[in-house]
Amino acid sequence: MSLLELRGVEVVYHRPGRDVRAVAGADLSVERGQIVGLVGESGCGKSTLARAAVGLVPVAAGQVLFDDVPVQPLRRRARDPRERRLQMVFQDPYSSLNPRRRIGDQIADGLKLAAGFRGDPRKKVAELLERVHLPTDAARRFPHEFSGGQRQRIAIARALAADPSLIVADEAISALDASAQASVANLLVSLTRELDMGLLFISHDLAIVRQVADVVAVMYLGKVVETGVTAQVWAEPAHPYTRALIAAVPPPDGSGTLPKDLPGDVPDPAEPPTGCRCHPRCPAAFAPCPVVEPPIVSLGDGRTTACWLHTEPPALVAGSSVDRDGAADNTSEVA
Amino acid sequence: MTAAAVQPAAPPVVRAEGLRVLLPSRDGRELAAVDGVDLTVQPGEILGIAGESGSGKTMTALALLGLLPHGARTEGSLELDGVDLLRMPIKQLRALRGAEMAMVFQDPMTSLHPMLTVGKQITEHLRFHSGINKRAAMARATELLEQVRIPDPARTIKAYPHQFSGGMRQRVAIAVALACSPRLLIADEPTTALDVTVQAGILRLLDRLRREEGVSIMVITHDLGVLSALADRLVVMYAGRIAETGSTADVLGYPRHPYTRGLLHALPHPELGSAELRPIPGSPPALADRPPGCPFEPRCSESVPSCAQHRPELLPIGGGRAIACPVDPYAGADDVASEVVTS
């Protein structure tokens with residue numbers, strides 16, 4: 001059984017006059033000691049999925065299981081002690097720390113949550129600060145005395161105080177400079193390995209996900225379109241959307257090559273396209289794409305994708321099979 | 001002088017010499033956010049300014065536009081088409097701002113006015129600067145929206161910013177900046193708030209504007225991938241000073257300043273495999289306590305004792321390159337550098 005398992009999760013935001021399905025049926029699992037990278041453009045639902053994973057938003061359908069127990073949405077009441085081992089690190093360390101409280105006190109809050117913590121909280125706080133490579137005298141200081149990277153270390157120390165078995169990091173390093181990104185990413189990786197935690201690492205930065213994640217999941221418009229071992233997905237992306245995402249990253253090699261753009265924007269999740277959600281932007285779209293949604297199929301080696309290029313599409317007209325090569329330009333006619 | 005080797009004939013659009021931007025501190029001192037910067041931007045050139053936050057790259061841009069924070073003082077010279085901007089009366093500067101030079105900011109959500117239509121925002125300063133009538137201005141706005149590849153310009157001209165996605169909003173912001181056909185476009189982290197797929201489109205747009213309109217562009221970003229794709233030349237800044245400058249291919253392909261090398265090493269790259277990322281130890285010095293010697297010395301793995309005492313000058317090393325580091329591994333071996341570059 002996985003440490004964290006999301007099965008067919010749907011999250012619906014009710015907006016005046018319309019319901020937005022930000023996550024439209026997503027499966028994802030994180031094992032102990034494993035780093036799962038979740039990538040996708042803004043608006044694809046990756047942050048919503050992260051919030052659903054820790055119970056910050058209720059799920060409309062499907063299940064979130066943490067240590068085999070369903071995660072309850074956060075309400076006014078205190079959380080079940082078992083769920084406290086599921087912690088989150090947010091994007092902006094400027095707003096996630098209280099500017100008027102000392103670092104030590106904020107980290108000690110996490111200790112109070114840790115089931116059955118006894119002992120000297122000050123000693124434990126010092127230990128945690130050391131763990132995230134900060135000086136122990138940081139405990140008496142305030143957030144404004146620290147740089148962005150240091151603040152994010154403090155936020156990680158606070159999450160660690162609750163003795164987590166899984167950390168969800170939602171764009172946790174995106175707001176930092178490259179060098180600080182590298183050191184906080186290294187910290188998260190080494191903590192995951194040393195403490196045998198799970199880490200769900202959400203980022204729009206593909207280069208960093210490639211570097212840190214064991215397994216990667218690519219989301220588009222509320223659905224997971226491809227999963228697999230990170231190195232394999234990069235070497236041979238199965239889904240055209242994954243391929244486009246990778247091709248859009250400009251390498252910092254001074255070669256002067258402009259990255260390939262993927263025309264169009266992520267559509268409004270309240271009115272998703274018919275058939276495959278990617279088809280209006282997909283360079284490889286053919287006849288069945290605008291009509292029928294592709295199922296998630298296994299490609300072996302634990303890889304999955306949801307794309308008609310990898311599974312036999314249904315016959316659109318009874319008795320005739322789909323012409324894959326010739327139909328790419330005529331998708332609008334079918335739609 | 002460094003740029004002269006690249007394009008000897010044309011006079012530069014921007015020339016900064018010994019530019020300093022001094023900010024008042026709480027204890028009455030003056031702190032140099034920009035501390036002696038020499039740079040040029042040639043006509044039709046894209047100059048990239050790289051550096052971490054606090055390196056002074058944005059202050060350099062704001063000095064051009066005369067938009068420095070209250071109480072800031074400038075020294076040195078900063079010219080646009082040979083005219084000194086630093087000693088110019090505000091009225092004259094105002095005539096240049098938006099007309100001869102325009103800026104694109106990081107966040108198109110906050111840089112566009114939420115309650116004005118796109119058409120109004122594109123034409124407001126156009127009418128202020130050129131005094132053309134409303135109809136002609138609107139026609140120009142439609143043309144601009146077309147130029148930045150916004151679908152259905154005739155209709156979108158009446159739309160409000162919230163009706164656009166982030167990428168489209170940034171295209172609108174670029175259209176606003178281009179309205180008066182400026183000589184210089186300053187883009188401060190223009191794609192940092194955008195997705196990679198959308199970023200690619202904006203980079204292609206900026207590159208096309210430079211090629212087709214001949215506009216000079218100053219791109220300021222910490223993202224070396226963006227600069228690699230877009231910039232002809234790079235200026236790498238650290239603690240208010242230039243650490244290294246040269247053609248993008250040279251600086252990123254064969255970095256010679258330990259800071260540039262550190263920045264590149266900190267980035268994830270395929271050859272790293274499952275090894276750890278290699279961040280630069282420590283963090284940039286705060287404005288108030290910059291060391292007396294080389295500002296990078298405390299974090300530098302290659303420093304020698306003299307680095308802590310002597311502030312290195314930015315010295316040309318040929319090929320349009322200059323570095324501010326006495327322990328450059330190729331120092332004194334010019335042939336090595338040129339061999340490496342040409343091979």
# chains A, B, ... in the order shown; residues from 1 in each chain; ligands from 1
$ select_by_dssp --residues "segment 73-274 of chain B" --states "helix (DSSP H, G or I)" --output "ChimeraX atom specification"
/B:90-96,108-111,118-130,134-147,153-156,161-163,166-178,196-213,224-230,248-253,258-266,270-272
$ write_last_selection --atoms "C-alpha atoms" --output "short mmCIF file (atom, residue, chain, number, x, y, z; two decimals), in the first residue's frame"
data_model
loop_
_atom_site.label_atom_id
_atom_site.label_comp_id
_atom_site.auth_asym_id
_atom_site.auth_seq_id
_atom_site.Cartn_x
_atom_site.Cartn_y
_atom_site.Cartn_z
CA ILE B 90 12.05 65.92 -15.33
CA LYS B 91 9.87 67.48 -18.03
CA GLN B 92 12.29 66.48 -20.75
CA LEU B 93 12.69 63.00 -19.28
CA ARG B 94 8.94 62.59 -19.25
CA ALA B 95 8.89 63.27 -22.99
CA LEU B 96 11.33 60.40 -23.52
CA PRO B 108 1.27 41.89 -16.20
CA MET B 109 -1.50 41.50 -13.62
CA THR B 110 -0.28 44.53 -11.69
CA SER B 111 1.37 46.52 -14.48
CA VAL B 118 -6.70 47.35 -23.52
CA GLY B 119 -7.26 49.92 -26.25
CA LYS B 120 -7.26 52.79 -23.78
CA GLN B 121 -4.03 51.57 -22.18
CA ILE B 122 -2.26 51.27 -25.50
CA THR B 123 -3.39 54.66 -26.78
CA GLU B 124 -3.20 56.83 -23.67
CA HIS B 125 0.51 57.60 -23.82
CA LEU B 126 0.50 57.36 -27.61
CA ARG B 127 -1.90 60.30 -27.73
CA PHE B 128 0.05 62.11 -25.00
CA HIS B 129 3.30 61.81 -26.90
CA SER B 130 2.24 62.17 -30.50
CA LYS B 134 -8.54 58.99 -31.08
CA ARG B 135 -9.47 57.16 -34.24
CA ALA B 136 -5.89 57.08 -35.56
CA ALA B 137 -4.67 55.96 -32.14
CA MET B 138 -7.17 53.10 -32.05
CA ALA B 139 -6.10 52.01 -35.52
CA ARG B 140 -2.51 51.94 -34.31
CA ALA B 141 -3.57 49.93 -31.24
CA THR B 142 -5.23 47.32 -33.44
CA GLU B 143 -2.05 47.12 -35.48
CA LEU B 144 0.02 46.66 -32.33
CA LEU B 145 -2.19 43.87 -31.00
CA GLU B 146 -1.79 42.15 -34.33
CA GLN B 147 1.95 42.60 -34.12
CA PRO B 153 -7.49 42.51 -32.28
CA ALA B 154 -10.55 44.48 -33.38
CA ARG B 155 -12.55 42.83 -30.61
CA THR B 156 -9.88 42.52 -27.93
CA PRO B 161 -7.00 42.83 -18.70
CA HIS B 162 -8.82 40.24 -16.54
CA GLN B 163 -10.28 38.74 -19.70
CA GLY B 166 -1.14 35.62 -18.17
CA GLY B 167 0.69 35.15 -21.45
CA MET B 168 -1.81 37.25 -23.40
CA ARG B 169 -1.63 39.95 -20.73
CA GLN B 170 2.13 40.11 -21.11
CA ARG B 171 1.62 40.46 -24.87
CA VAL B 172 -0.73 43.38 -24.17
CA ALA B 173 1.89 44.93 -21.87
CA ILE B 174 4.44 44.59 -24.68
CA ALA B 175 1.98 46.25 -27.10
CA VAL B 176 1.58 49.12 -24.62
CA ALA B 177 5.36 49.50 -24.45
CA LEU B 178 5.71 49.42 -28.24
CA VAL B 196 7.53 27.70 -19.94
CA THR B 197 5.22 27.10 -22.88
CA VAL B 198 3.97 30.70 -22.76
CA GLN B 199 7.47 31.98 -22.03
CA ALA B 200 8.68 30.41 -25.26
CA GLY B 201 6.08 32.44 -27.18
CA ILE B 202 7.10 35.71 -25.51
CA LEU B 203 10.80 35.04 -26.18
CA ARG B 204 10.01 34.43 -29.83
CA LEU B 205 8.00 37.65 -29.92
CA LEU B 206 10.82 39.74 -28.42
CA ASP B 207 13.31 38.21 -30.83
CA ARG B 208 11.04 39.00 -33.78
CA LEU B 209 10.52 42.61 -32.63
CA ARG B 210 14.25 43.10 -32.53
CA ARG B 211 14.73 41.61 -35.99
CA GLU B 212 11.78 43.25 -37.71
CA GLU B 213 11.48 46.58 -35.89
CA LEU B 224 20.12 32.08 -17.67
CA GLY B 225 18.05 29.84 -19.96
CA VAL B 226 16.00 32.85 -21.08
CA LEU B 227 19.14 34.90 -21.67
CA SER B 228 20.80 32.06 -23.54
CA ALA B 229 17.87 31.93 -25.93
CA LEU B 230 17.46 35.65 -26.42
CA THR B 248 26.18 35.18 -24.65
CA ALA B 249 27.83 32.19 -26.30
CA ASP B 250 31.17 33.01 -24.65
CA VAL B 251 29.86 33.89 -21.19
CA LEU B 252 27.57 30.88 -20.86
CA GLY B 253 29.69 28.50 -22.90
CA PRO B 258 33.82 32.19 -10.53
CA TYR B 259 30.39 33.73 -9.90
CA THR B 260 29.17 33.03 -13.44
CA ARG B 261 30.50 29.51 -13.14
CA GLY B 262 28.76 29.12 -9.78
CA LEU B 263 25.46 30.33 -11.21
CA LEU B 264 25.67 27.85 -14.07
CA HIS B 265 26.71 24.98 -11.82
CA ALA B 266 23.77 25.62 -9.50
CA PRO B 270 21.15 16.45 -17.63
CA GLU B 271 24.81 15.51 -17.17
CA LEU B 272 24.40 15.82 -13.41
#
$ closest_atom_pairs --of "chain A" --to "chain B" --cutoff "7 Å" --atoms "only C-alpha atoms" --output "JSON lines"
{"residue": "A:Glu41", "atom": "CA", "partner": "B:Asp195", "partner_atom": "CA", "distance": 5.7}
{"residue": "A:Ser42", "atom": "CA", "partner": "B:Asp195", "partner_atom": "CA", "distance": 6.7}
{"residue": "A:Asp177", "atom": "CA", "partner": "B:Glu52", "partner_atom": "CA", "distance": 6.0}
{"residue": "A:Ala178", "atom": "CA", "partner": "B:Ala266", "partner_atom": "CA", "distance": 6.5}
{"residue": "A:Ser179", "atom": "CA", "partner": "B:Pro279", "partner_atom": "CA", "distance": 4.7}
{"residue": "A:Ala180", "atom": "CA", "partner": "B:Pro279", "partner_atom": "CA", "distance": 6.8}
{"residue": "A:Ala182", "atom": "CA", "partner": "B:Pro279", "partner_atom": "CA", "distance": 5.2}
{"residue": "A:Ser183", "atom": "CA", "partner": "B:Pro279", "partner_atom": "CA", "distance": 5.4}
{"residue": "A:Asn186", "atom": "CA", "partner": "B:Glu276", "partner_atom": "CA", "distance": 6.2}
{"residue": "A:His204", "atom": "CA", "partner": "B:Asp195", "partner_atom": "CA", "distance": 6.9}
{"residue": "A:Ala207", "atom": "CA", "partner": "B:Pro268", "partner_atom": "CA", "distance": 5.9}
{"residue": "A:Ile208", "atom": "CA", "partner": "B:Pro268", "partner_atom": "CA", "distance": 5.8}
{"residue": "A:Gln211", "atom": "CA", "partner": "B:Pro268", "partner_atom": "CA", "distance": 6.0}
{"residue": "A:Leu245", "atom": "CA", "partner": "B:Thr197", "partner_atom": "CA", "distance": 6.3}
{"residue": "A:Ala248", "atom": "CA", "partner": "B:Thr197", "partner_atom": "CA", "distance": 5.3}
{"residue": "A:Val249", "atom": "CA", "partner": "B:Val196", "partner_atom": "CA", "distance": 6.1}
{"residue": "A:Pro250", "atom": "CA", "partner": "B:Gly225", "partner_atom": "CA", "distance": 4.9}
{"residue": "A:Pro251", "atom": "CA", "partner": "B:Gly225", "partner_atom": "CA", "distance": 5.0}
{"residue": "A:Pro252", "atom": "CA", "partner": "B:Gly225", "partner_atom": "CA", "distance": 3.9}
{"residue": "A:Asp253", "atom": "CA", "partner": "B:Leu252", "partner_atom": "CA", "distance": 5.6}
{"residue": "A:Gly254", "atom": "CA", "partner": "B:Ala249", "partner_atom": "CA", "distance": 4.2}
{"residue": "A:Ser255", "atom": "CA", "partner": "B:Ala249", "partner_atom": "CA", "distance": 5.9}
{"residue": "A:Gly256", "atom": "CA", "partner": "B:Ala229", "partner_atom": "CA", "distance": 4.4}
{"residue": "A:Thr257", "atom": "CA", "partner": "B:Ala229", "partner_atom": "CA", "distance": 5.1}
{"residue": "A:Leu258", "atom": "CA", "partner": "B:Ala229", "partner_atom": "CA", "distance": 4.9}
{"residue": "A:Pro259", "atom": "CA", "partner": "B:Ala200", "partner_atom": "CA", "distance": 5.4}
{"residue": "A:Lys260", "atom": "CA", "partner": "B:Ala200", "partner_atom": "CA", "distance": 6.0}
{"residue": "A:Asp261", "atom": "CA", "partner": "B:Ala200", "partner_atom": "CA", "distance": 4.7}
{"residue": "A:Leu262", "atom": "CA", "partner": "B:Thr197", "partner_atom": "CA", "distance": 5.4}
$ write_last_selection --atoms "C-alpha atoms" --output "PDB file, in the first residue's frame"
ATOM      1  CA  GLU A  41       1.204  24.753 -16.561  1.00  0.00           C
ATOM      2  CA  SER A  42      -0.576  27.142 -14.236  1.00  0.00           C
ATOM      3  CA  ASP A 177      17.168  32.594  -6.668  1.00  0.00           C
ATOM      4  CA  ALA A 178      18.823  29.797  -8.632  1.00  0.00           C
ATOM      5  CA  SER A 179      21.511  29.124  -6.052  1.00  0.00           C
ATOM      6  CA  ALA A 180      19.032  29.116  -3.163  1.00  0.00           C
ATOM      7  CA  ALA A 182      19.584  24.381  -5.610  1.00  0.00           C
ATOM      8  CA  SER A 183      20.381  24.290  -1.915  1.00  0.00           C
ATOM      9  CA  ASN A 186      19.172  19.405  -2.097  1.00  0.00           C
ATOM     10  CA  HIS A 204       6.259  24.359 -12.973  1.00  0.00           C
ATOM     11  CA  ALA A 207      14.478  21.293 -15.123  1.00  0.00           C
ATOM     12  CA  ILE A 208      14.433  21.107 -11.339  1.00  0.00           C
ATOM     13  CA  GLN A 211      16.786  16.693 -11.240  1.00  0.00           C
ATOM     14  CA  LEU A 245       6.659  21.058 -22.148  1.00  0.00           C
ATOM     15  CA  ALA A 248       9.802  24.758 -24.231  1.00  0.00           C
ATOM     16  CA  VAL A 249      12.597  24.849 -21.642  1.00  0.00           C
ATOM     17  CA  PRO A 250      15.493  26.982 -22.935  1.00  0.00           C
ATOM     18  CA  PRO A 251      18.849  25.383 -22.035  1.00  0.00           C
ATOM     19  CA  PRO A 252      21.320  27.827 -20.429  1.00  0.00           C
ATOM     20  CA  ASP A 253      24.159  26.848 -22.753  1.00  0.00           C
ATOM     21  CA  GLY A 254      24.636  30.055 -24.699  1.00  0.00           C
ATOM     22  CA  SER A 255      23.620  28.367 -27.932  1.00  0.00           C
ATOM     23  CA  GLY A 256      21.055  31.039 -28.770  1.00  0.00           C
ATOM     24  CA  THR A 257      18.332  28.572 -29.723  1.00  0.00           C
ATOM     25  CA  LEU A 258      14.836  29.859 -29.134  1.00  0.00           C
ATOM     26  CA  PRO A 259      12.619  27.337 -27.346  1.00  0.00           C
ATOM     27  CA  LYS A 260       9.594  25.895 -29.141  1.00  0.00           C
ATOM     28  CA  ASP A 261       6.339  27.417 -28.003  1.00  0.00           C
ATOM     29  CA  LEU A 262       3.093  25.566 -27.554  1.00  0.00           C
TER      30      LEU A 262
END
$ closest_residue --among "A:Val225, A:Leu188, A:Ala270, A:Ala61" --to "Pro295 of chain A" --atoms "only C-alpha atoms"
A:Val225
$ residues_around --residues "Arg151 of chain A" --least-positions-apart "4" --cutoff "10 Å" --atoms "only C-alpha atoms" --output "CSV table (one decimal) with C-alpha atoms, in the first residue's frame"
chain,number,residue,atom,x,y,z
A,92,ASP,CA,6.0,32.0,-0.5
A,93,PRO,CA,8.0,31.9,2.7
A,94,TYR,CA,7.2,35.6,3.2
A,96,SER,CA,3.7,31.5,5.3
A,97,LEU,CA,5.7,32.6,8.4
A,103,ILE,CA,11.4,31.5,14.6
A,134,LEU,CA,20.6,27.1,10.0
A,142,PHE,CA,12.3,37.0,13.5
A,143,PRO,CA,11.5,36.1,9.8
A,144,HIS,CA,12.5,39.5,8.4
A,145,GLU,CA,16.1,38.8,9.4
A,146,PHE,CA,16.3,36.0,6.9
A,147,SER,CA,16.7,35.7,3.2
A,155,ALA,CA,9.2,26.6,6.9
A,156,ILE,CA,10.7,23.1,6.3
A,157,ALA,CA,12.0,22.9,9.9
$ select_by_dssp --residues "segment 131-199 of chain B" --states "strand (DSSP E or B)" --output "PyMOL selection string"
chain B and resi 184-188
$ residues_around --residues "segment 65-75 of chain B" --least-positions-apart "6" --cutoff "6 Å" --atoms "only C-alpha atoms" --output "ChimeraX atom specification"
/B:19-23
$ residues_around --residues "Gly293 of chain B" --least-positions-apart "3" --cutoff "7 Å" --atoms "only C-alpha atoms" --output "list in words"
Cys307, Ala308, Gln309, His310 and Arg311 of chain B
$ residues_around --residues "Glu171 of chain A" --least-positions-apart "6" --cutoff "7 Å" --atoms "only C-alpha atoms" --output "list of chain:residue names"
A:Phe90, A:Gln91, A:Ile202, A:Ser203
$ write_last_selection --atoms "C-alpha atoms" --output "CSV table (one decimal), in the first residue's frame"
chain,number,residue,atom,x,y,z
A,90,PHE,CA,4.1,26.5,0.7
A,91,GLN,CA,5.5,28.6,-2.1
A,202,ILE,CA,5.0,20.3,-7.2
A,203,SER,CA,6.7,22.7,-9.6
$ closest_residue --among "A:Pro121, A:Pro314, A:Gly300, A:Pro273" --to "Val229 of chain A" --atoms "only C-alpha atoms"
A:Gly300
$ atom_distance --atom1 "atom CA of Phe117 of chain A" --atom2 "atom CA of Met1 of chain A"
27.2 Å
$ residues_around --residues "Val297 of chain A" --least-positions-apart "2" --cutoff "9 Å" --atoms "only C-alpha atoms" --output "list in words"
Pro294, Pro295, Leu299, Arg303, Thr304, Thr305, Ala306, Cys307, His310 and Thr311 of chain A
$ atom_distance --atom1 "atom CA of Asp265 of chain A" --atom2 "atom CA of Arg277 of chain A"
12.0 Å
$ atom_distance --atom1 "atom CA of Gly76 of chain B" --atom2 "atom CA of Ala32 of chain B"
12.3 Å
